[in-house]
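Below is start.cif, which holds mmCIF, C-alpha atoms.
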```cif
data_run
loop_
_atom_site.label_atom_id
_atom_site.label_comp_id
_atom_site.auth_asym_id
_atom_site.auth_seq_id
_atom_site.Cartn_x
_atom_site.Cartn_y
_atom_site.Cartn_z
CA MET A 38 -46.91 9.04 -11.98
CA GLN A 39 -44.86 12.20 -11.49
CA GLU A 40 -41.67 10.31 -12.42
CA GLU A 41 -43.28 9.02 -15.60
CA ASN A 42 -44.33 12.56 -16.56
CA LEU A 43 -40.78 13.79 -15.85
CA ASP A 44 -39.23 11.00 -17.96
CA ALA A 45 -41.66 11.72 -20.81
CA SER A 46 -40.93 15.45 -20.71
CA VAL A 47 -37.18 14.84 -20.59
CA ASP A 48 -37.37 12.41 -23.54
CA SER A 49 -39.30 14.93 -25.67
CA LEU A 50 -36.77 17.66 -24.80
CA LEU A 51 -33.89 15.29 -25.64
CA ASN A 52 -35.41 14.78 -29.12
CA VAL A 53 -35.62 18.56 -29.55
CA GLU A 54 -31.99 18.89 -28.34
CA LYS A 55 -30.89 16.23 -30.86
CA GLN A 56 -32.58 18.02 -33.77
CA MET A 57 -31.06 21.37 -32.78
CA ARG A 58 -27.59 19.85 -32.24
CA LEU A 59 -27.55 18.08 -35.60
CA ALA A 60 -28.77 21.26 -37.27
CA GLY A 61 -25.91 23.21 -35.60
CA ASP A 62 -28.33 25.61 -33.91
CA VAL A 63 -26.33 26.87 -30.88
CA ALA A 64 -29.12 28.97 -29.32
CA GLY A 65 -31.73 26.20 -29.75
CA THR A 66 -29.41 23.51 -28.29
CA LYS A 67 -28.56 25.71 -25.29
CA LYS A 68 -32.26 26.39 -24.63
CA ALA A 69 -33.13 22.66 -24.86
CA VAL A 70 -30.35 21.54 -22.44
CA ILE A 71 -31.19 24.33 -19.96
CA ASP A 72 -34.88 23.32 -20.08
CA ILE A 73 -33.94 19.71 -19.26
CA VAL A 74 -31.80 20.81 -16.28
CA GLU A 75 -34.55 23.16 -15.02
CA LEU A 76 -37.20 20.45 -15.37
CA CYS A 77 -35.18 18.01 -13.21
CA TYR A 78 -34.53 20.74 -10.63
CA LYS A 79 -38.21 21.75 -10.36
CA ALA A 80 -39.18 18.09 -9.90
CA ARG A 81 -36.42 17.84 -7.19
CA ALA A 82 -35.16 14.73 -8.98
CA TRP A 83 -31.51 15.08 -8.06
CA LYS A 84 -30.42 11.63 -9.27
CA THR A 85 -32.11 12.23 -12.64
CA LEU A 86 -30.41 15.65 -12.80
CA ASN A 87 -26.98 14.05 -12.30
CA ASP A 88 -27.73 11.39 -14.95
CA GLN A 89 -28.96 13.97 -17.47
CA ILE A 90 -25.89 16.21 -16.94
CA VAL A 91 -23.58 13.25 -17.73
CA LEU A 92 -25.78 12.15 -20.69
CA LEU A 93 -25.97 15.62 -22.25
CA SER A 94 -22.19 16.13 -22.00
CA LYS A 95 -21.45 12.77 -23.69
CA ARG A 96 -23.83 13.07 -26.65
CA ARG A 97 -22.11 12.77 -30.03
CA GLY A 98 -20.92 16.08 -31.45
CA GLN A 99 -22.19 18.00 -28.42
CA LEU A 100 -21.58 21.73 -28.69
CA LYS A 101 -19.16 23.40 -26.27
CA GLN A 102 -21.68 26.17 -25.61
CA ALA A 103 -24.29 23.58 -24.58
CA VAL A 104 -21.92 21.86 -22.09
CA THR A 105 -20.97 25.27 -20.65
CA ALA A 106 -24.66 26.21 -20.29
CA VAL A 107 -25.44 22.88 -18.50
CA VAL A 108 -22.55 23.29 -16.03
CA GLN A 109 -23.32 26.96 -15.31
CA LYS A 110 -27.06 26.30 -14.83
CA ALA A 111 -26.53 23.27 -12.58
CA MET A 112 -24.02 25.22 -10.44
CA GLN A 113 -26.83 27.61 -9.46
CA TYR A 114 -28.70 24.71 -7.84
CA ILE A 115 -25.84 23.47 -5.61
CA ASP A 116 -26.92 25.56 -2.61
CA ASP A 117 -30.56 24.37 -2.97
CA THR A 118 -29.75 20.68 -2.48
CA PRO A 119 -31.66 19.04 0.43
CA ASP A 120 -28.63 17.48 2.19
CA ILE A 121 -24.84 17.42 2.15
CA GLU A 122 -24.60 14.01 0.38
CA THR A 123 -26.74 15.24 -2.52
CA ARG A 124 -24.66 18.42 -2.72
CA ILE A 125 -21.37 16.49 -2.85
CA GLU A 126 -22.82 14.12 -5.47
CA LEU A 127 -23.92 17.04 -7.70
CA ILE A 128 -20.53 18.79 -7.32
CA LYS A 129 -18.67 15.57 -8.19
CA THR A 130 -20.88 15.01 -11.26
CA LEU A 131 -20.24 18.55 -12.52
CA ASN A 132 -16.55 18.16 -11.71
CA ASN A 133 -16.29 14.97 -13.79
CA VAL A 134 -18.14 16.60 -16.69
CA SER A 135 -15.89 19.69 -16.67
CA ALA A 136 -12.61 17.76 -16.18
CA GLY A 137 -10.20 18.28 -19.08
CA LYS A 138 -12.43 20.86 -20.82
CA ILE A 139 -10.62 24.19 -21.11
CA TYR A 140 -13.85 26.10 -21.88
CA VAL A 141 -15.25 25.30 -18.39
CA GLU A 142 -11.96 25.51 -16.42
CA ILE A 143 -13.15 28.47 -14.33
CA GLU A 144 -16.38 26.65 -13.40
CA ARG A 145 -14.31 23.58 -12.43
CA ALA A 146 -12.07 25.69 -10.18
CA ARG A 147 -15.16 27.11 -8.41
CA LEU A 148 -16.62 23.60 -8.01
CA ILE A 149 -13.37 22.31 -6.47
CA LYS A 150 -13.37 25.29 -4.09
CA LYS A 151 -16.94 24.50 -2.97
CA LEU A 152 -16.04 20.84 -2.42
CA ALA A 153 -12.90 21.83 -0.47
CA GLU A 154 -15.02 24.11 1.75
CA ILE A 155 -17.34 21.18 2.54
CA LYS A 156 -14.36 18.94 3.38
CA GLU A 157 -12.90 21.69 5.58
CA GLU A 158 -16.20 22.04 7.48
CA GLN A 159 -16.09 18.27 8.07
CA GLY A 160 -12.58 18.67 9.54
CA LEU A 161 -10.82 16.91 6.62
CA ILE A 162 -8.10 19.55 6.15
CA SER A 163 -5.65 17.29 4.26
CA GLU A 164 -8.31 16.21 1.76
CA ALA A 165 -9.39 19.83 1.22
CA ALA A 166 -5.74 20.89 0.65
CA ASP A 167 -5.16 18.05 -1.84
CA LEU A 168 -8.31 18.97 -3.76
CA MET A 169 -7.33 22.65 -4.01
CA GLN A 170 -3.83 21.82 -5.23
CA GLU A 171 -5.22 19.99 -8.27
CA ILE A 172 -6.07 23.35 -9.84
CA ALA A 173 -3.40 25.73 -11.20
CA VAL A 174 -5.48 28.92 -11.51
CA GLU A 175 -2.46 31.06 -12.46
CA THR A 176 -2.75 29.58 -16.00
CA PHE A 177 -6.42 30.63 -16.41
CA GLY A 178 -6.44 33.61 -18.75
CA ALA A 179 -10.17 34.36 -18.44
CA MET A 180 -10.31 34.36 -14.61
CA ALA A 181 -10.39 37.71 -12.80
CA LYS A 182 -7.11 38.67 -11.06
CA THR A 183 -8.71 39.02 -7.62
CA GLU A 184 -10.37 35.59 -7.92
CA LYS A 185 -7.02 34.00 -8.87
CA ILE A 186 -5.28 35.60 -5.87
CA ALA A 187 -8.12 34.56 -3.50
CA PHE A 188 -7.91 30.96 -4.80
CA ILE A 189 -4.11 30.75 -4.34
CA LEU A 190 -4.41 32.28 -0.85
CA ASP A 191 -6.91 29.56 0.07
CA GLN A 192 -4.39 26.96 -1.16
CA VAL A 193 -1.67 28.54 1.03
CA ARG A 194 -3.98 28.73 4.07
CA LEU A 195 -4.94 25.04 3.83
CA CYS A 196 -1.25 24.05 3.53
CA LEU A 197 -0.45 26.09 6.65
CA ASP A 198 -3.42 24.50 8.47
CA ARG A 199 -1.97 21.05 7.87
CA GLN A 200 1.57 22.35 8.63
CA ASP A 201 2.90 21.70 5.12
CA TYR A 202 5.24 24.72 5.17
CA VAL A 203 7.32 23.78 2.12
CA ARG A 204 4.30 23.60 -0.20
CA ALA A 205 2.84 26.75 1.39
CA GLN A 206 6.01 28.66 0.46
CA ILE A 207 5.98 27.31 -3.13
CA LEU A 208 2.32 28.34 -3.57
CA SER A 209 2.84 31.78 -2.00
CA ARG A 210 5.55 32.54 -4.58
CA LYS A 211 2.90 32.38 -7.30
CA ILE A 212 1.71 35.78 -6.03
CA SER A 213 4.01 38.75 -6.60
CA PRO A 214 3.65 41.37 -3.81
CA ARG A 215 3.79 44.06 -6.53
CA VAL A 216 0.35 42.97 -7.75
CA PHE A 217 -1.21 44.57 -4.62
CA ASP A 218 0.33 47.95 -5.43
CA ALA A 219 -1.37 48.16 -8.84
CA ASP A 220 -3.50 51.29 -9.18
CA ALA A 221 -7.10 50.08 -9.23
CA SER A 222 -8.35 53.55 -10.23
CA LYS A 223 -6.77 53.26 -13.68
CA GLY A 224 -9.22 52.26 -16.35
CA LYS A 225 -9.05 48.74 -17.70
CA LYS A 226 -7.50 48.33 -21.12
CA LYS A 227 -9.91 47.37 -23.87
CA PRO A 228 -9.21 43.79 -24.96
CA LYS A 229 -7.75 43.46 -28.44
CA GLU A 230 -9.34 41.24 -31.03
CA GLY A 231 -8.50 37.60 -30.34
CA ASP A 232 -7.71 38.21 -26.64
CA ASN A 233 -9.50 36.23 -23.92
CA VAL A 234 -12.32 38.17 -22.29
CA VAL A 235 -11.63 38.31 -18.54
CA GLU A 236 -14.68 37.42 -16.46
CA GLU A 237 -15.88 39.59 -13.58
CA ALA A 238 -14.99 38.23 -10.14
CA PRO A 239 -17.93 36.85 -8.07
CA ALA A 240 -19.43 39.17 -5.43
CA ASP A 241 -18.00 37.15 -2.50
CA ILE A 242 -14.35 37.71 -3.60
CA PRO A 243 -12.59 40.34 -1.40
CA SER A 244 -11.11 43.52 -2.88
CA LEU A 245 -7.40 43.77 -3.79
CA LEU A 246 -6.51 45.64 -0.56
CA GLU A 247 -8.36 43.06 1.58
CA LEU A 248 -6.50 40.30 -0.27
CA LYS A 249 -3.22 42.15 0.45
CA ARG A 250 -3.93 41.98 4.16
CA ILE A 251 -4.89 38.28 3.98
CA TYR A 252 -1.68 37.55 2.00
CA TYR A 253 0.61 39.23 4.55
CA GLU A 254 -1.24 37.63 7.50
CA LEU A 255 -0.57 34.22 5.92
CA MET A 256 3.08 35.20 5.37
CA ILE A 257 3.31 36.11 9.08
CA ARG A 258 2.00 32.63 9.94
CA TYR A 259 4.57 31.05 7.63
CA HIS A 260 7.57 33.09 8.88
CA SER A 261 6.51 32.59 12.53
CA HIS A 262 7.16 28.87 12.02
CA ASN A 263 10.85 29.66 11.26
CA ASN A 264 11.08 32.59 13.74
CA ASP A 265 12.18 34.80 10.81
CA TYR A 266 11.61 38.06 12.71
CA LEU A 267 12.76 40.42 9.94
CA GLU A 268 10.35 38.94 7.37
CA ILE A 269 7.51 39.06 9.94
CA CYS A 270 8.37 42.73 10.53
CA ARG A 271 8.30 43.45 6.78
CA SER A 272 4.88 41.75 6.52
CA TYR A 273 3.49 43.91 9.35
CA LYS A 274 5.05 46.95 7.64
CA ALA A 275 3.10 46.11 4.46
CA ILE A 276 -0.16 45.75 6.46
CA TYR A 277 0.63 49.08 8.16
CA GLY A 278 0.80 50.71 4.71
CA ILE A 279 -2.80 49.75 3.78
CA PRO A 280 -4.94 52.97 3.74
CA SER A 281 -7.82 51.47 5.76
CA VAL A 282 -5.34 50.49 8.54
CA LYS A 283 -3.55 53.86 8.56
CA GLU A 284 -6.82 55.77 8.95
CA ASP A 285 -7.97 53.82 12.03
CA SER A 286 -5.83 54.20 15.18
CA ALA A 287 -7.43 51.08 16.71
CA GLN A 288 -5.89 49.10 13.83
CA TRP A 289 -2.49 50.78 13.29
CA ILE A 290 -1.42 51.01 16.97
CA PRO A 291 -1.20 47.19 17.53
CA VAL A 292 0.44 46.78 14.08
CA LEU A 293 3.05 49.46 14.85
CA ARG A 294 3.74 47.81 18.24
CA LYS A 295 4.40 44.52 16.44
CA ILE A 296 6.72 46.27 13.94
CA CYS A 297 8.76 47.71 16.83
CA TRP A 298 9.02 44.40 18.69
CA TYR A 299 10.02 42.40 15.61
CA LEU A 300 12.60 45.05 14.63
CA VAL A 301 14.21 44.67 18.05
CA LEU A 302 14.10 40.86 17.76
CA SER A 303 15.66 40.86 14.24
CA PRO A 304 19.41 40.20 13.93
CA HIS A 305 21.51 43.26 13.05
CA ASP A 306 21.97 43.69 9.28
CA PRO A 307 21.62 46.50 6.68
CA MET A 308 17.91 45.75 6.01
CA GLN A 309 17.13 45.81 9.74
CA SER A 310 19.02 49.11 10.17
CA SER A 311 17.13 50.66 7.24
CA LEU A 312 13.73 49.57 8.63
CA LEU A 313 14.74 50.74 12.12
CA ASN A 314 15.58 54.26 10.92
CA SER A 315 12.47 54.55 8.72
CA THR A 316 10.25 53.45 11.64
CA LEU A 317 11.89 56.03 13.95
CA GLU A 318 10.99 58.75 11.43
CA ASP A 319 7.31 57.71 11.49
CA LYS A 320 5.22 60.48 13.10
CA ASN A 321 2.75 57.95 14.54
CA LEU A 322 5.52 56.53 16.77
CA SER A 323 5.23 59.64 18.95
CA GLU A 324 1.93 58.18 20.23
CA LEU A 325 3.88 55.17 21.54
CA PRO A 326 6.63 56.90 23.61
CA SER A 327 7.89 53.71 25.28
CA PHE A 328 8.49 52.06 21.88
CA HIS A 329 10.11 55.22 20.52
CA LEU A 330 12.52 55.07 23.46
CA LEU A 331 13.19 51.35 22.84
CA LEU A 332 14.13 51.90 19.19
CA LYS A 333 16.15 55.00 20.10
CA GLN A 334 18.22 52.91 22.53
CA LEU A 335 19.06 50.46 19.74
CA VAL A 336 20.17 53.24 17.39
CA THR A 337 22.27 55.00 20.07
CA MET A 338 25.78 53.56 20.42
CA GLU A 339 25.57 52.93 24.16
CA VAL A 340 25.58 49.75 26.21
CA ILE A 341 22.05 48.67 27.24
CA HIS A 342 21.63 47.09 30.67
CA TRP A 343 19.44 44.00 30.10
CA ALA A 344 17.96 43.74 33.62
CA SER A 345 16.68 47.34 33.67
CA LEU A 346 15.38 47.09 30.07
CA TRP A 347 13.45 43.88 30.82
CA GLU A 348 12.01 45.37 33.98
CA MET A 349 10.75 48.37 31.99
CA TYR A 350 9.27 46.40 29.06
CA LYS A 351 8.23 43.08 30.60
CA VAL A 352 4.57 44.11 31.02
CA GLU A 353 4.38 45.49 27.44
CA PHE A 354 6.03 42.31 26.15
CA GLU A 355 3.51 40.05 27.90
CA ASN A 356 0.55 42.25 26.82
CA GLU A 357 1.26 41.46 23.15
CA LYS A 358 -0.49 38.09 23.38
CA ASN A 359 -3.79 39.93 24.00
CA LEU A 360 -3.36 42.17 20.92
CA LEU A 361 -3.55 41.64 17.15
CA GLY A 362 -1.32 38.80 15.94
CA GLY A 363 -1.01 37.16 19.36
CA SER A 364 2.19 36.51 21.29
CA LEU A 365 5.65 37.15 19.81
CA GLY A 366 6.62 33.47 19.94
CA THR A 367 7.88 30.95 22.50
CA GLU A 368 11.56 31.88 22.04
CA ALA A 369 11.01 35.65 21.82
CA GLU A 370 12.24 36.45 25.34
CA GLU A 371 15.52 34.56 24.86
CA ASP A 372 15.99 36.10 21.41
CA LEU A 373 15.39 39.59 22.81
CA LYS A 374 18.13 39.06 25.40
CA LEU A 375 20.44 37.75 22.65
CA ARG A 376 19.83 40.83 20.47
CA ILE A 377 20.67 43.16 23.40
CA ILE A 378 23.93 41.25 23.99
CA GLU A 379 24.78 41.49 20.25
CA HIS A 380 24.03 45.24 20.32
CA ASN A 381 26.31 45.68 23.35
CA ILE A 382 29.16 43.75 21.66
CA LEU A 383 28.84 45.99 18.57
CA VAL A 384 28.96 49.08 20.81
CA VAL A 385 32.12 47.81 22.55
CA SER A 386 33.75 47.08 19.16
CA LYS A 387 33.16 50.73 18.14
CA TYR A 388 34.93 52.16 21.22
CA TYR A 389 37.73 49.59 21.79
CA SER A 390 40.37 48.22 19.45
CA ARG A 391 41.65 45.80 22.16
CA ILE A 392 39.90 44.70 25.35
CA THR A 393 40.35 41.90 27.88
CA LEU A 394 37.73 39.15 27.93
CA LYS A 395 37.13 39.81 31.63
CA ARG A 396 36.35 43.48 31.02
CA LEU A 397 34.10 42.56 28.07
CA ALA A 398 32.19 40.08 30.27
CA ASP A 399 31.74 42.77 32.94
CA LEU A 400 30.35 45.26 30.40
CA LEU A 401 27.94 42.63 29.04
CA CYS A 402 26.95 41.45 32.57
CA LEU A 403 27.81 37.85 31.55
CA SER A 404 30.22 35.13 32.65
CA LEU A 405 33.52 34.71 30.76
CA GLN A 406 32.28 31.56 28.96
CA GLU A 407 29.00 33.22 27.87
CA ALA A 408 30.77 36.38 26.66
CA GLU A 409 33.25 34.32 24.63
CA LYS A 410 30.43 32.17 23.16
CA HIS A 411 28.34 35.17 22.02
CA LEU A 412 31.41 36.93 20.61
CA SER A 413 32.46 33.77 18.71
CA ASP A 414 28.93 33.37 17.27
CA MET A 415 29.00 36.95 15.98
CA ILE A 416 32.44 36.47 14.41
CA VAL A 417 31.29 33.25 12.69
CA SER A 418 28.13 34.96 11.36
CA LYS A 419 30.38 37.83 10.09
CA ALA A 420 28.46 40.42 12.11
CA LEU A 421 31.86 41.81 13.18
CA VAL A 422 35.59 41.15 12.65
CA ALA A 423 37.65 40.25 15.73
CA LYS A 424 40.35 37.89 16.99
CA ILE A 425 40.46 36.28 20.45
CA ASP A 426 43.85 35.55 22.00
CA ARG A 427 42.71 32.96 24.55
CA PRO A 428 46.02 32.37 26.43
CA ILE A 429 46.33 36.05 27.42
CA GLY A 430 42.55 36.67 27.26
CA ILE A 431 42.54 39.67 24.89
CA VAL A 432 40.04 40.45 22.11
CA SER A 433 41.30 42.52 19.15
CA PHE A 434 38.56 44.23 17.12
CA GLN A 435 39.23 45.07 13.48
CA THR A 436 37.26 47.02 10.95
CA ALA A 437 35.79 44.88 8.20
CA LYS A 438 37.43 45.63 4.86
CA GLY A 439 35.27 46.01 1.80
CA SER A 440 36.17 44.56 -1.63
CA ASN A 441 37.36 47.99 -2.88
CA ASP A 442 39.66 48.45 0.13
CA MET A 443 41.14 44.98 -0.40
CA LEU A 444 41.80 45.69 -4.10
CA ASN A 445 43.38 49.06 -3.24
CA SER A 446 45.70 47.49 -0.67
CA TRP A 447 46.77 44.79 -3.18
CA ALA A 448 47.39 47.47 -5.83
CA MET A 449 49.54 49.46 -3.38
CA ASN A 450 51.53 46.34 -2.38
CA LEU A 451 52.17 45.53 -6.06
CA GLU A 452 53.29 49.12 -6.68
CA LYS A 453 55.75 48.93 -3.75
CA LEU A 454 57.08 45.60 -5.01
CA LEU A 455 57.64 46.95 -8.54
CA ASP A 456 59.41 50.03 -7.09
CA LEU A 457 61.79 47.78 -5.15
CA VAL A 458 62.50 45.65 -8.24
CA GLU A 459 63.20 48.80 -10.29
CA LYS A 460 65.54 50.24 -7.63
CA SER A 461 67.36 46.90 -7.32
CA CYS A 462 67.84 46.69 -11.10
CA HIS A 463 69.15 50.29 -11.12
CA GLN A 464 71.64 49.53 -8.32
CA ILE A 465 72.88 46.35 -10.06
CA HIS A 466 73.29 48.23 -13.35
CA LYS A 467 75.19 51.04 -11.55
CA GLU A 468 77.57 48.54 -9.84
CA THR A 469 78.19 46.80 -13.18
CA MET A 470 79.10 50.10 -14.89
CA VAL A 471 81.47 51.09 -12.03
CA HIS A 472 83.14 47.66 -12.14
CA LYS A 473 83.67 47.93 -15.96
CA ALA A 474 85.16 51.42 -15.58
CA VAL A 475 87.64 50.14 -12.95
CA LEU A 476 88.75 47.28 -15.25
CA ARG A 477 89.31 49.64 -18.18
CA ALA A 478 91.47 51.91 -16.03
#
```
Would it be possible to restate this file's structure as structure tokens?
Amino acid sequence: MQEENLDASVDSLLNVEKQMRLAGDVAGTKKAVIDIVELCYKARAWKTLNDQIVLLSKRRGQLKQAVTAVVQKAMQYIDDTPDIETRIELIKTLNNVSAGKIYVEIERARLIKKLAEIKEEQGLISEAADLMQEIAVETFGAMAKTEKIAFILDQVRLCLDRQDYVRAQILSRKISPRVFDADASKGKKKPKEGDNVVEEAPADIPSLLELKRIYYELMIRYHSHNNDYLEICRSYKAIYGIPSVKEDSAQWIPVLRKICWYLVLSPHDPMQSSLLNSTLEDKNLSELPSFHLLLKQLVTMEVIHWASLWEMYKVEFENEKNLLGGSLGTEAEEDLKLRIIEHNILVVSKYYSRITLKRLADLLCLSLQEAEKHLSDMIVSKALVAKIDRPIGIVSFQTAKGSNDMLNSWAMNLEKLLDLVEKSCHQIHKETMVHKAVLRA
């Protein structure tokens, strides 16, 4: 009986909707379609609701405003569905209705996100990731900036969860890190006539600074896969710069510890040196004296004894797994030893122009083969310029010449060559003149 009453009420409202639609009455059509959706919801007739949503969207000459109103109204009822199957069915119906319609693209993106969340809860990470990748929110002009960023970050997170690192990197590049430094306090520009009106972000979307932290935490996860210590350090540096982190010592101390460790683990290059010096100038580092000493040792041009350094910092190193961000990685200990050896080789190259391999091995506390291997690796990676004379066992260190120095040396060589040619021509000419004078006499 109740179903018959519902069908009768829906039919009468459909007749009203038809009259309004044919008359071109936008407000009347919207009211009629919303009444139909509400009627099905109040009767808890979920199958009828799905059927009516599809029917209303396919009616001849249906107004865009009416389809938008149906989708938006039905989306409010998703969380009130009695079970997960009904919820998925309603989301899929709304998704099919909104597919290919640019005026409900934001609603479709939110529907896909809800469906992906359900799939993720069910443990279907790959399906959730595939669903999220269908939507390119960066092209949505009317979507709020924070909502776009949150959506892309969810895409990146799901790719990392299923260990698809290549796609995670491609998606992460859709977000420029400069977007997080935008001044939120500045007033929004008034939209010009003809511009898209940007919607307000939903209440559950994090603020820009919270999104910044999420972004860099995901970047740390990505770079940890490749053991790219310098990029991990730069990500922690960006988190360290967030005002809410800087104000709370419980938050910035573990972050600063991580910055110090990853700086030490990073290979020596100009970027690493710049970060190392800027971190040493940080006043907060005075509260971590052991880490200040560690960085100071790297800056000072003195040989570091690995055994004593490891003995001093082993406990701190192992404590990192209990702090923010977890352990430093499976290969971190070996990489730390390698960085100390590289530092020691650079120190030796500053003080010696020539040194025997045996003496170099003694200074590095390594065997001859190990010392030669590490030195060769550094020469190949262009970290320093040196030549090894293996038969006599002597290493000759040279200073790396810049492009300007090379050009200057070539210019000087050419100048010398031209001088010699000029002098030679002068001498030949002189001899010729003398010879002619002798013949005339």
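Excluding Leu312 (chain A) and any residue on its chain fewer than 5 positions from it, the residues at most 9 Å away by only C-alpha atoms are Cys270, Arg271, Leu300, Pro307 and Leu317 of chain A.
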Residues returned when the PyMOL selection byres ((chain A and resi 147) around 10) runs on this file, as a PyMOL selection string:
chain A and resi 112+128+132+142-146+148-153+172+184+188
What would the file look like if the residues just selected were written as a PDB file, keeping the file's coordinate frame with C-alpha atoms?
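So the final result, stored in out-v3.pdb, reads:
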```
ATOM      1  CA  MET A 112     -24.020  25.220 -10.440  1.00  0.00           C
ATOM      2  CA  ILE A 128     -20.530  18.790  -7.320  1.00  0.00           C
ATOM      3  CA  ASN A 132     -16.550  18.160 -11.710  1.00  0.00           C
ATOM      4  CA  GLU A 142     -11.960  25.510 -16.420  1.00  0.00           C
ATOM      5  CA  ILE A 143     -13.150  28.470 -14.330  1.00  0.00           C
ATOM      6  CA  GLU A 144     -16.380  26.650 -13.400  1.00  0.00           C
ATOM      7  CA  ARG A 145     -14.310  23.580 -12.430  1.00  0.00           C
ATOM      8  CA  ALA A 146     -12.070  25.690 -10.180  1.00  0.00           C
ATOM      9  CA  LEU A 148     -16.620  23.600  -8.010  1.00  0.00           C
ATOM     10  CA  ILE A 149     -13.370  22.310  -6.470  1.00  0.00           C
ATOM     11  CA  LYS A 150     -13.370  25.290  -4.090  1.00  0.00           C
ATOM     12  CA  LYS A 151     -16.940  24.500  -2.970  1.00  0.00           C
ATOM     13  CA  LEU A 152     -16.040  20.840  -2.420  1.00  0.00           C
ATOM     14  CA  ALA A 153     -12.900  21.830  -0.470  1.00  0.00           C
ATOM     15  CA  ILE A 172      -6.070  23.350  -9.840  1.00  0.00           C
ATOM     16  CA  GLU A 184     -10.370  35.590  -7.920  1.00  0.00           C
ATOM     17  CA  PHE A 188      -7.910  30.960  -4.800  1.00  0.00           C
TER      18      PHE A 188
END
```
(33.0, 36.1, 18.7) in this file's frame - what residues fall within 12 Å of it? Use only C-alpha atoms and give the answer as a ChimeraX atom specification.
/A:378-379,382-383,386,394,397,406-427,431-434
Step by step: start from the point (6.1, 42.3, 8.3) in the file's coordinates, keep every protein, DNA or RNA residue that has an atom no farther than 10 Å from it, count only C-alpha atoms, and write the set as a VMD selection string.
chain A and resid 253 to 254 256 to 257 260 265 to 277 292 295 to 296 299 to 300
Result set, the PyMOL selection byres ((chain A and resi 191-200) around 7) on current file, as JSON, numbers by chain:
{"A": [162, 163, 166, 169, 170, 187, 188, 189, 190, 201, 202, 204, 205, 208, 209, 255]}
Mind checking which residues fall within 9 Å of Pro214 (chain A), counting only C-alpha atoms, ignoring those fewer than 4 positions away in the same chain, and posting them as a tab-separated table (two decimals) with C-alpha atoms, in the frame of the given file?
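The new file out.tsv reads:
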```
chain	number	residue	atom	x	y	z
A	218	ASP	CA	0.33	47.95	-5.43
A	249	LYS	CA	-3.22	42.15	0.45
A	252	TYR	CA	-1.68	37.55	2.00
```
Output as a PDB file, in the frame of the given file: region 115-127 of chain A, completed with N, CA and C atoms.
```pdb
ATOM      1  N   ILE A 115     -26.635  24.185  -6.630  1.00  0.00           N
ATOM      2  CA  ILE A 115     -25.840  23.470  -5.610  1.00  0.00           C
ATOM      3  C   ILE A 115     -26.304  23.829  -4.198  1.00  0.00           C
ATOM      4  N   ASP A 116     -26.527  25.124  -3.960  1.00  0.00           N
ATOM      5  CA  ASP A 116     -26.920  25.560  -2.610  1.00  0.00           C
ATOM      6  C   ASP A 116     -28.347  25.177  -2.242  1.00  0.00           C
ATOM      7  N   ASP A 117     -29.162  24.749  -3.236  1.00  0.00           N
ATOM      8  CA  ASP A 117     -30.560  24.370  -2.970  1.00  0.00           C
ATOM      9  C   ASP A 117     -30.741  22.882  -2.719  1.00  0.00           C
ATOM     10  N   THR A 118     -29.655  22.132  -2.698  1.00  0.00           N
ATOM     11  CA  THR A 118     -29.750  20.680  -2.480  1.00  0.00           C
ATOM     12  C   THR A 118     -30.249  20.391  -1.059  1.00  0.00           C
ATOM     13  N   PRO A 119     -31.026  19.299  -0.888  1.00  0.00           N
ATOM     14  CA  PRO A 119     -31.660  19.040   0.430  1.00  0.00           C
ATOM     15  C   PRO A 119     -30.681  18.635   1.530  1.00  0.00           C
ATOM     16  N   ASP A 120     -29.587  17.922   1.158  1.00  0.00           N
ATOM     17  CA  ASP A 120     -28.630  17.480   2.190  1.00  0.00           C
ATOM     18  C   ASP A 120     -27.208  17.500   1.628  1.00  0.00           C
ATOM     19  N   ILE A 121     -26.259  17.297   2.511  1.00  0.00           N
ATOM     20  CA  ILE A 121     -24.840  17.420   2.150  1.00  0.00           C
ATOM     21  C   ILE A 121     -24.401  16.339   1.161  1.00  0.00           C
ATOM     22  N   GLU A 122     -24.976  15.107   1.285  1.00  0.00           N
ATOM     23  CA  GLU A 122     -24.600  14.010   0.380  1.00  0.00           C
ATOM     24  C   GLU A 122     -25.009  14.326  -1.055  1.00  0.00           C
ATOM     25  N   THR A 123     -26.245  14.868  -1.184  1.00  0.00           N
ATOM     26  CA  THR A 123     -26.740  15.240  -2.520  1.00  0.00           C
ATOM     27  C   THR A 123     -25.887  16.348  -3.119  1.00  0.00           C
ATOM     28  N   ARG A 124     -25.495  17.294  -2.267  1.00  0.00           N
ATOM     29  CA  ARG A 124     -24.660  18.420  -2.720  1.00  0.00           C
ATOM     30  C   ARG A 124     -23.311  17.918  -3.236  1.00  0.00           C
ATOM     31  N   ILE A 125     -22.683  17.033  -2.455  1.00  0.00           N
ATOM     32  CA  ILE A 125     -21.370  16.490  -2.850  1.00  0.00           C
ATOM     33  C   ILE A 125     -21.499  15.711  -4.155  1.00  0.00           C
ATOM     34  N   GLU A 126     -22.594  14.931  -4.270  1.00  0.00           N
ATOM     35  CA  GLU A 126     -22.820  14.120  -5.470  1.00  0.00           C
ATOM     36  C   GLU A 126     -22.955  15.007  -6.718  1.00  0.00           C
ATOM     37  N   LEU A 127     -23.725  16.107  -6.573  1.00  0.00           N
ATOM     38  CA  LEU A 127     -23.920  17.040  -7.700  1.00  0.00           C
ATOM     39  C   LEU A 127     -22.603  17.717  -8.073  1.00  0.00           C
TER      40      LEU A 127
END
```
